[in-house]
Amino acid sequence: MAPPLPGPLAHLAPLLSHYGYWAVGGVVFVEDFGIPAPGETILIAAGVYAGAGELNVMVVGAIAFAAAVAGDNIGYLIGHYGGRAFVHRWGRYVFLTPERFEKAERFFARHGGKIVTVARFIEGLRQANGIIAGTSGMPWRRFIVFNALGAALWVGLWLTIAYFAGSHINTVYDEILKYERYLFIALGLIAVALVVRHLLRRRKRRASEDGDGDGDDGR
């Protein structure tokens, strides 16, 4: 018998109970070409079901991987053939506004191909990943390699964690909630440290530029 799913996973129980593997494949697939859907959440929920013996973990993994890669490739085709004009016109209907798209595109341009792999773990970029790769002109063969690697890592990580939680998911979830406050405090401190470091570097760079400017005036 499948364990009751806690917190944000609970609303997916009826979907998984009725459609099983189809639910996993369908939700992961549509999320990966821009449609808002709980792809990561259903992957975790399916992993819990697999750990409790309700689904086969290997089948869940294979379906989720195939759906993730296929969904991103649909996104790539949309970006490649539709271009920015298409995304700007229709993206708002799936919450991909021009502002969000341009911000994600700048981030993508700075980090190149490796972001295709990492984007799988970043909310927002996971959904727009393939579309941005298509609009930016990334060669498809390069995209598919990084995309498949990201999908394998993403599916493997969440499915493994959820599978070993299995029927103990509620205990695990309660423990996470217990330490959630400390986690957010730690993340907040890290964010503050990164901002301070950025500001100090910018101040140092400006001071260096001002010093060079004064030297030029002296000559």
# chains A, B, ... in the order shown; residues from 1 in each chain; ligands from 1
call {"tool": "residues_around", "arguments": {"residues": "region 128-131 of chain A", "least_positions_apart": "2", "cutoff": "9 Å", "atoms": "only C-alpha atoms", "output": "VMD selection string"}}
result
chain A and resid 32 to 34 71 to 80 83 87 96 101 104 108 115 to 116 119 to 120 124 to 126 133 to 136 143 147
call {"tool": "closest_residue", "arguments": {"among": "A:Val69, A:Val30, A:Ile132, A:Leu200", "to": "Val155 (chain A)", "atoms": "only C-alpha atoms"}}
result
A:Val69
call {"tool": "closest_residue", "arguments": {"among": "A:Glu209, A:Lys204, A:Ile44, A:Pro14", "to": "Leu157 (chain A)", "atoms": "only C-alpha atoms"}}
result
A:Ile44
call {"tool": "atom_distance", "arguments": {"atom1": "CA of Gly47 (chain A)", "atom2": "CA of Leu15 (chain A)"}}
result
14.1 Å
call {"tool": "closest_residue", "arguments": {"among": "A:His198, A:Pro38, A:Ala46, A:Trp22", "to": "Leu159 (chain A)", "atoms": "only C-alpha atoms"}}
result
A:Ala46
